[in-house]
file protein_18.txt (compact mmCIF, C-alpha atoms)
# COMPACT_ATOMS: atom_id res chain seq x y z
CA MET A 1 79.65 129.35 117.47
CA ASN A 2 82.12 130.82 114.95
CA GLN A 3 83.69 134.12 115.91
CA ASP A 4 84.73 136.71 113.38
CA ILE A 5 88.33 137.37 114.40
CA SER A 6 88.40 140.59 112.42
CA HIS A 7 86.23 142.15 115.17
CA SER A 8 88.07 140.57 118.11
CA PHE A 9 89.59 142.77 120.80
CA VAL A 10 93.37 142.98 121.13
CA ILE A 11 94.70 143.62 124.64
CA ILE A 12 97.81 145.82 124.67
CA ASP A 13 100.05 146.24 127.73
CA LYS A 14 100.96 149.93 127.74
CA ASN A 15 103.78 149.27 130.24
CA PHE A 16 105.52 146.80 127.94
CA GLU A 17 109.12 147.62 127.07
CA PRO A 18 111.23 145.69 124.58
CA PRO A 19 114.27 143.90 126.04
CA SER A 20 117.66 145.54 125.74
CA PRO A 21 120.21 144.19 123.23
CA ASN A 22 122.14 142.60 126.13
CA PHE A 23 119.11 140.49 126.96
CA TYR A 24 120.34 137.87 124.48
CA PRO A 25 124.00 137.33 125.49
CA ASN A 26 124.52 134.40 123.08
CA GLN A 27 123.12 136.17 120.05
CA SER A 28 125.46 136.08 117.05
CA THR A 29 126.97 139.42 116.05
CA LYS A 30 128.58 138.26 112.80
CA SER A 31 129.51 141.21 110.63
CA ARG A 32 128.37 141.34 107.03
CA THR A 33 130.08 143.02 104.10
CA SER A 34 128.26 145.52 101.94
CA ARG A 35 129.51 143.80 98.78
CA ALA A 36 130.14 140.07 98.38
CA CYS A 37 132.82 138.65 96.12
CA GLU A 38 131.84 137.35 92.68
CA ALA A 39 131.90 133.65 93.67
CA CYS A 40 129.85 134.13 96.85
CA LYS A 41 127.33 136.31 95.03
CA ILE A 42 126.74 133.66 92.37
CA SER A 43 126.40 130.92 95.02
CA HIS A 44 124.17 133.14 97.22
CA THR A 45 126.32 132.49 100.30
CA SER A 46 127.60 134.79 103.05
CA CYS A 47 130.88 136.59 102.40
CA GLY A 48 133.34 138.48 104.58
CA SER A 49 134.90 141.90 103.98
CA GLU A 50 138.45 140.58 103.68
CA ARG A 51 139.92 139.61 100.31
CA PRO A 52 140.34 136.78 99.69
CA CYS A 53 137.36 135.76 101.82
CA GLN A 54 137.40 132.65 104.01
CA ARG A 55 135.11 130.70 101.65
CA CYS A 56 137.33 131.30 98.61
CA ILE A 57 140.39 130.32 100.63
CA LYS A 58 138.76 127.01 101.58
CA LEU A 59 137.73 126.37 97.97
CA GLY A 60 141.15 127.27 96.61
CA LYS A 61 139.84 130.30 94.71
CA SER A 62 141.97 132.96 96.41
CA ASP A 63 143.31 134.27 93.09
CA THR A 64 139.82 134.94 91.69
CA CYS A 65 138.25 136.40 94.84
CA VAL A 66 137.31 139.95 93.82
CA ASP A 67 134.39 142.24 94.64
CA SER A 68 131.33 141.63 92.51
CA THR A 69 130.24 144.31 90.08
CA PRO A 70 127.06 146.01 91.30
CA LYS A 71 124.11 146.13 88.97
CA LYS A 72 123.22 149.49 87.51
CA ARG A 73 120.10 150.93 89.12
CA GLY A 74 117.51 153.26 87.72
CA ARG A 75 115.75 153.51 84.40
CA LYS A 76 117.62 153.28 81.12
CA ARG A 77 118.06 156.49 79.19
CA HIS A 78 116.77 156.58 75.63
CA ASN A 79 116.97 159.07 72.82
CA SER A 80 113.89 160.95 71.69
CA GLN A 81 113.16 158.48 68.87
CA ASP A 82 113.18 155.52 71.26
CA LEU A 83 110.90 157.41 73.63
CA ASP A 84 108.41 158.12 70.83
CA GLU A 85 108.43 154.47 69.79
CA SER A 86 108.03 153.42 73.42
CA GLU A 87 105.02 155.68 73.90
CA ASP A 88 103.38 154.31 70.74
CA SER A 89 104.06 150.76 71.93
CA ASN A 90 102.56 151.50 75.36
CA ASN A 91 99.47 153.01 73.77
CA ASN A 92 99.02 149.91 71.61
CA LEU A 93 99.41 147.64 74.63
CA ASN A 94 96.83 149.62 76.57
CA GLU A 95 94.40 149.33 73.68
CA GLN A 96 95.07 145.60 73.51
CA SER A 97 94.30 145.12 77.21
CA ILE A 98 97.74 144.24 78.53
CA GLY A 99 98.18 147.21 80.85
CA SER A 100 94.55 147.09 81.99
CA PRO A 101 92.89 143.86 80.85
CA SER A 102 89.27 144.23 79.83
CA TYR A 103 88.24 141.37 82.06
CA LEU A 104 89.59 143.34 85.03
CA THR A 105 88.12 146.74 84.14
CA ASN A 106 84.82 145.97 82.42
CA SER A 107 82.26 145.55 85.15
CA ASN A 108 79.59 144.46 82.66
CA GLN A 109 81.63 141.48 81.51
CA SER A 110 81.27 138.22 83.40
CA MET A 111 84.16 137.66 85.79
CA GLY A 112 83.72 133.93 85.43
CA ALA A 113 86.33 132.11 87.46
CA PHE A 114 88.44 135.15 88.31
CA ASN A 115 88.26 137.50 91.27
CA LEU A 116 90.89 140.25 91.45
CA SER A 117 90.48 140.78 95.20
CA ASN A 118 91.20 137.09 95.76
CA PHE A 119 94.07 136.78 93.28
CA GLU A 120 96.35 134.99 95.77
CA GLY A 121 93.83 132.33 96.70
CA SER A 122 91.34 130.02 95.04
CA ILE A 123 89.56 131.06 91.88
CA VAL A 124 85.84 130.53 92.27
CA SER A 125 82.89 131.34 90.07
CA PRO A 126 79.90 133.48 91.14
CA ASN A 127 77.72 131.86 88.48
CA SER A 128 74.55 130.11 89.53
CA GLY A 129 73.10 126.88 88.22
CA ASN A 130 75.90 124.53 87.28
CA GLY A 131 78.45 126.85 88.89
CA ALA A 132 81.74 127.66 87.19
CA PHE A 133 81.12 125.13 84.44
CA ASN A 134 78.43 127.39 82.95
CA GLU A 135 81.14 129.53 81.42
CA LEU A 136 83.11 126.51 80.25
CA ASN A 137 80.07 125.02 78.54
CA SER A 138 79.00 128.30 76.97
CA SER A 139 82.50 128.89 75.60
CA SER A 140 82.38 125.59 73.76
CA GLU A 141 78.88 125.66 72.24
CA ASP A 142 80.41 125.38 68.78
CA SER A 143 82.72 122.48 69.58
CA SER A 144 83.62 121.53 66.02
CA PRO A 145 87.43 121.44 65.81
CA LEU A 146 89.32 123.64 63.38
CA VAL A 147 91.82 122.14 60.95
CA ASP A 148 95.14 121.87 62.80
CA SER A 149 97.81 121.64 60.11
CA ALA A 150 101.09 120.14 61.29
CA ASP A 151 102.85 122.07 58.49
CA LEU A 152 102.25 125.39 60.23
CA PRO A 153 104.70 126.78 62.83
CA VAL A 154 103.86 125.87 66.43
CA VAL A 155 102.98 129.48 67.31
CA ASP A 156 100.42 129.65 64.47
CA ARG A 157 98.96 126.30 65.51
CA ILE A 158 98.62 127.53 69.09
CA HIS A 159 96.88 130.67 67.79
CA MET A 160 94.39 128.48 65.90
CA LEU A 161 93.74 126.49 69.09
CA VAL A 162 93.22 129.68 71.10
CA LYS A 163 90.68 130.94 68.54
CA GLU A 164 88.95 127.56 68.38
CA ARG A 165 88.41 127.47 72.12
CA LYS A 166 87.65 131.20 72.37
CA TRP A 167 90.32 131.69 75.01
CA MET A 168 91.45 135.08 73.66
CA SER A 169 90.53 137.61 71.03
CA ASP A 170 93.03 138.41 68.28
CA LYS A 171 94.00 141.65 70.05
CA GLU A 172 94.56 139.84 73.34
CA TRP A 173 96.62 137.16 71.61
CA LYS A 174 98.81 139.73 69.84
CA ALA A 175 99.39 141.72 73.04
CA ASN A 176 100.10 138.52 74.97
CA ARG A 177 102.70 137.39 72.42
CA GLU A 178 104.38 140.83 72.41
CA ALA A 179 104.62 140.86 76.19
CA ILE A 180 106.06 137.34 76.38
CA SER A 181 108.52 138.11 73.56
CA ALA A 182 109.70 141.22 75.42
CA ILE A 183 110.29 139.14 78.54
CA GLY A 184 112.24 136.57 76.56
CA LYS A 185 114.39 139.25 74.89
CA LYS A 186 115.17 140.85 78.24
CA ARG A 187 116.05 137.45 79.68
CA ASP A 188 118.43 136.73 76.79
CA GLU A 189 120.16 140.07 77.38
CA GLU A 190 120.58 139.22 81.04
CA LYS A 191 122.10 135.84 80.24
CA GLU A 192 124.70 137.44 77.96
CA SER A 193 126.30 139.05 81.03
CA TRP A 194 126.35 135.82 83.04
CA THR A 195 129.66 134.18 83.81
CA GLU A 196 130.21 130.56 82.85
CA GLU A 197 129.95 129.60 86.53
CA ARG A 198 126.59 131.38 86.81
CA LYS A 199 125.25 129.55 83.74
CA ILE A 200 126.32 126.17 85.12
CA ASP A 201 124.83 127.02 88.52
CA TYR A 202 121.51 128.07 86.94
CA GLN A 203 121.28 124.94 84.81
CA SER A 204 122.03 122.80 87.84
CA LYS A 205 119.34 124.47 89.96
CA THR A 206 116.79 124.20 87.12
CA GLU A 207 117.49 120.51 86.69
CA ASP A 208 117.28 119.98 90.48
CA ARG A 209 113.85 121.62 90.56
CA ARG A 210 112.72 119.59 87.57
CA ARG A 211 113.76 116.33 89.25
CA ASN A 212 112.16 117.42 92.53
CA LEU A 213 108.80 118.23 90.88
CA ILE A 214 108.86 114.91 89.02
CA ARG A 215 109.60 113.11 92.29
CA ILE A 216 106.69 114.91 94.01
CA ALA A 217 104.36 113.99 91.13
CA HIS A 218 105.58 110.38 91.16
CA GLU A 219 104.82 110.03 94.88
CA ASN A 220 101.50 111.88 94.69
CA PRO A 221 98.48 109.53 94.85
CA ALA A 222 96.30 112.11 93.05
CA PRO A 223 96.47 112.65 89.26
CA MET A 224 99.25 115.19 88.62
CA ALA A 225 101.04 116.62 85.58
CA VAL A 226 104.16 118.79 85.27
CA ARG A 227 104.57 121.37 82.48
CA ASP A 228 107.50 123.56 81.50
CA MET A 229 107.17 127.15 80.33
CA LYS A 230 107.00 126.03 76.69
CA ASN A 231 103.58 124.58 77.61
CA GLN A 232 104.95 121.08 77.12
CA MET A 233 103.97 118.25 79.44
CA ILE A 234 107.25 116.85 80.74
CA TYR A 235 105.80 114.32 83.20
CA VAL A 236 102.50 112.75 84.28
CA ASN A 237 102.22 110.34 87.19
CA ASP A 238 100.62 106.89 87.19
CA ALA A 239 97.39 108.21 88.71
CA PHE A 240 97.00 110.67 85.82
CA ARG A 241 97.69 107.91 83.29
CA ASP A 242 95.16 105.59 84.93
CA LEU A 243 92.54 108.36 84.91
CA THR A 244 93.00 109.69 81.38
CA GLY A 245 94.90 107.04 79.46
CA PHE A 246 97.60 109.63 78.67
CA PRO A 247 99.95 108.22 75.96
CA ASP A 248 103.74 108.49 76.24
CA GLU A 249 104.04 110.03 72.77
CA SER A 250 102.12 113.11 73.98
CA LEU A 251 104.95 114.06 76.37
CA ASN A 252 106.96 117.09 75.17
CA ASP A 253 104.34 117.72 72.47
CA THR A 254 103.18 121.33 72.82
CA MET A 255 99.86 120.93 71.02
CA GLU A 256 98.90 117.71 72.81
CA SER A 257 99.88 119.28 76.13
CA LEU A 258 97.66 122.32 75.51
CA LYS A 259 94.73 120.10 74.54
CA ALA A 260 95.15 118.00 77.69
CA PHE A 261 93.05 120.52 79.64
CA HIS A 262 90.23 122.87 78.74
CA PHE A 263 89.80 125.99 80.88
CA SER A 264 87.43 128.93 80.76
CA ALA A 265 88.58 132.04 78.89
CA ASP A 266 88.99 134.01 82.12
CA THR A 267 91.14 131.27 83.64
CA VAL A 268 93.42 131.22 80.58
CA ARG A 269 93.80 135.00 80.83
CA VAL A 270 94.72 134.73 84.50
CA LEU A 271 97.32 132.01 83.83
CA SER A 272 98.76 134.11 80.99
CA TRP A 273 98.80 137.20 83.21
CA THR A 274 100.75 135.42 85.94
CA ARG A 275 103.27 134.31 83.34
CA ILE A 276 103.69 137.85 81.99
CA THR A 277 104.07 139.31 85.48
CA MET A 278 106.29 136.35 86.47
CA SER A 279 104.22 135.63 89.57
CA GLU A 280 104.58 132.42 91.56
CA LYS A 281 100.96 131.79 92.51
CA LYS A 282 98.46 129.00 93.15
CA HIS A 283 95.01 128.72 91.60
CA VAL A 284 92.09 126.34 92.10
CA VAL A 285 89.95 126.35 88.96
CA PRO A 286 87.17 124.30 87.34
CA CYS A 287 88.33 122.64 84.15
CA TYR A 288 88.04 119.62 81.88
CA ALA A 289 90.77 116.98 81.47
CA ARG A 290 91.11 115.18 78.16
CA ILE A 291 90.40 111.44 78.16
CA TRP A 292 92.41 109.35 75.71
CA ASN A 293 91.04 106.00 76.92
CA ASN A 294 87.88 105.90 79.04
CA THR A 295 88.45 102.50 80.63
CA ASN A 296 86.85 103.65 83.91
CA ASN A 297 83.48 104.46 82.26
CA TYR A 298 83.45 108.06 83.50
CA VAL A 299 80.70 110.43 82.36
CA THR A 300 82.49 112.51 79.73
CA GLN A 301 81.63 115.20 77.21
CA MET A 302 82.67 115.60 73.56
CA MET A 303 84.19 119.03 72.92
CA PHE A 304 86.23 120.12 69.90
CA GLY A 305 86.14 116.54 68.63
CA LEU A 306 87.80 115.21 71.79
CA GLU A 307 86.54 113.49 74.95
CA TYR A 308 86.81 115.47 78.20
CA LEU A 309 86.12 114.77 81.89
CA GLU A 310 84.70 117.45 84.18
CA GLY A 311 86.68 118.22 87.33
CA THR A 312 88.77 120.70 89.31
CA SER A 313 92.47 121.45 89.04
CA TRP A 314 95.01 122.89 91.50
CA ILE A 315 97.62 124.83 89.52
CA THR A 316 100.94 126.00 90.96
CA ASN A 317 103.47 128.20 89.14
CA TYR A 318 107.18 127.96 89.94
CA THR A 319 109.74 130.71 89.22
CA ASP A 320 113.51 130.77 89.39
CA GLU A 321 115.55 132.93 91.77
CA ASP A 322 115.24 135.87 89.37
CA GLY A 323 111.44 135.60 89.27
CA HIS A 324 111.16 134.07 85.78
CA MET A 325 108.66 131.28 85.18
CA GLN A 326 110.07 127.76 84.95
CA PHE A 327 107.47 125.07 85.65
CA MET A 328 103.78 124.51 86.35
CA THR A 329 102.16 121.61 88.18
CA ILE A 330 98.51 120.64 87.69
CA ASN A 331 96.62 118.37 90.09
CA PHE A 332 93.29 117.18 88.70
CA LEU A 333 90.34 115.55 90.46
CA PRO A 334 87.15 114.54 88.61
CA SER A 335 83.86 115.96 89.86
CA PRO A 336 81.51 113.57 91.72
CA SER A 337 78.93 113.83 88.94
CA SER A 338 81.46 112.40 86.48
CA ILE A 339 81.96 109.20 88.43
CA THR A 340 79.35 106.52 87.81
call {"tool": "encode", "arguments": {"input": "protein_18.txt", "output": "structure tokens"}}
result
Amino acid sequence: MNQDISHSFVIIDKNFEPPSPNFYPNQSTKSRTSRACEACKISHTSCGSERPCQRCIKLGKSDTCVDSTPKKRGRKRHNSQDLDESEDSNNNLNEQSIGSPSYLTNSNQSMGAFNLSNFEGSIVSPNSGNGAFNELNSSSEDSSPLVDSADLPVVDRIHMLVKERKWMSDKEWKANREAISAIGKKRDEEKESWTEERKIDYQSKTEDRRRNLIRIAHENPAPMAVRDMKNQMIYVNDAFRDLTGFPDESLNDTMESLKAFHFSADTVRVLSWTRITMSEKKHVVPCYARIWNNTNNYVTQMMFGLEYLEGTSWITNYTDEDGHMQFMTINFLPSPSSIT
């Protein structure tokens, strides 16, 4: 018989007293400085209060061991004109559903595969019948593909794809682009103040994570793909290739990478929202994976002029140490009804 632990009794000993500090005689009492030196701060290592510190002495950096410059706290001050422009911008964003997305506030609109109260966990659909795929199928009733001109800029081509698949309205797309552009501008400003050592350290850590995710995908027996934050597929494992027939020339191709999966509109909004808020989260969502070569005779569906396989994906976002998005991994498993 399953017991609901939320209603379980907790026994508390009222006579309990915490042990004194001397109860742990071997406990380390290492002192910490209130401000690390520049080198230790960049390397995220412990630092002493003396200058030069012991780490810099060992590394032969005694001459450059100085206190790091603290970041300025608080909100930036603006003149009245900037404030007026900021207020107008905030009003526009609110109207365009960035501050309070319509799919979070409109109770009459179908929540589809998104549940705000369960944002940290799996995304499930309350729909009946065919479950979460009802929304996916209804969003692609008119599955005739639009003309995708290679002469257009990539951003415009992505906008055409978003409209074709009904992932976002024009207002949502515009607000989404403005928010992402603001994040990119702020990030560029931050990087201008980085030291050369910080830049090298960041590039090294990014490359280490990239290699680690590729290694995980390579060793994973389930179909798995790795994307960067430009929405480009940078790696797919052998299981994913065997399942979909993914061609090598589609790697690092933004448009082909975006067409590799088809999600519901609510799922796309959630994934965009986590990117804007720079949240490292995991989602389990129903989706379709594109099939380039159906050698396994799976039951597929034609949508937008392409062949897709019904299934479920496990999506994980990865951020850097500053909270900015870097990579996304997608594990895909076909649904039982798709396997003959």
call {"tool": "atom_distance", "arguments": {"input": "protein_18.txt", "atom1": "CA of Ser250 in chain A", "atom2": "CA of Val236 in chain A"}}
result
10.3 Å
call {"tool": "closest_atom_pairs", "arguments": {"input": "protein_18.txt", "of": "range 189-232 of chain A", "to": "range 328-337 of chain A", "cutoff": "8 Å", "atoms": "all atoms listed in the file", "output": "CSV"}}
result
residue,atom,partner,partner_atom,distance
A:Leu213,CA,A:Thr329,CA,7.9
A:Ala222,CA,A:Asn331,CA,6.9
A:Pro223,CA,A:Phe332,CA,5.6
A:Met224,CA,A:Asn331,CA,4.4
A:Ala225,CA,A:Ile330,CA,5.2
A:Val226,CA,A:Thr329,CA,4.5
A:Arg227,CA,A:Met328,CA,5.0
A:Asp228,CA,A:Met328,CA,6.2
A:Met229,CA,A:Met328,CA,7.4
call {"tool": "axis_aligned_box", "arguments": {"input": "protein_18.txt", "around": "range 160-167 of chain A", "padding_each_side": "8 Å", "output": "JSON"}}
result
{"center_x": 91.0, "center_y": 129.1, "center_z": 70.5, "size_x": 22.7, "size_y": 21.2, "size_z": 25.1}
call {"tool": "atom_distance", "arguments": {"input": "protein_18.txt", "atom1": "CA of Asn293 in chain A", "atom2": "CA of Gly245 in chain A"}}
result
4.7 Å
call {"tool": "residues_around", "arguments": {"input": "protein_18.txt", "residues": "range 191-196 of chain A", "least_positions_apart": "5", "cutoff": "12 Å", "atoms": "all atoms listed in the file", "output": "list in words"}}
result
Glu38, Ala39, Lys41, Ile42, Ser68, Thr69, Lys71, Gly184, Lys185, Lys186, Asp201, Tyr202, Gln203 and Asp322 of chain A
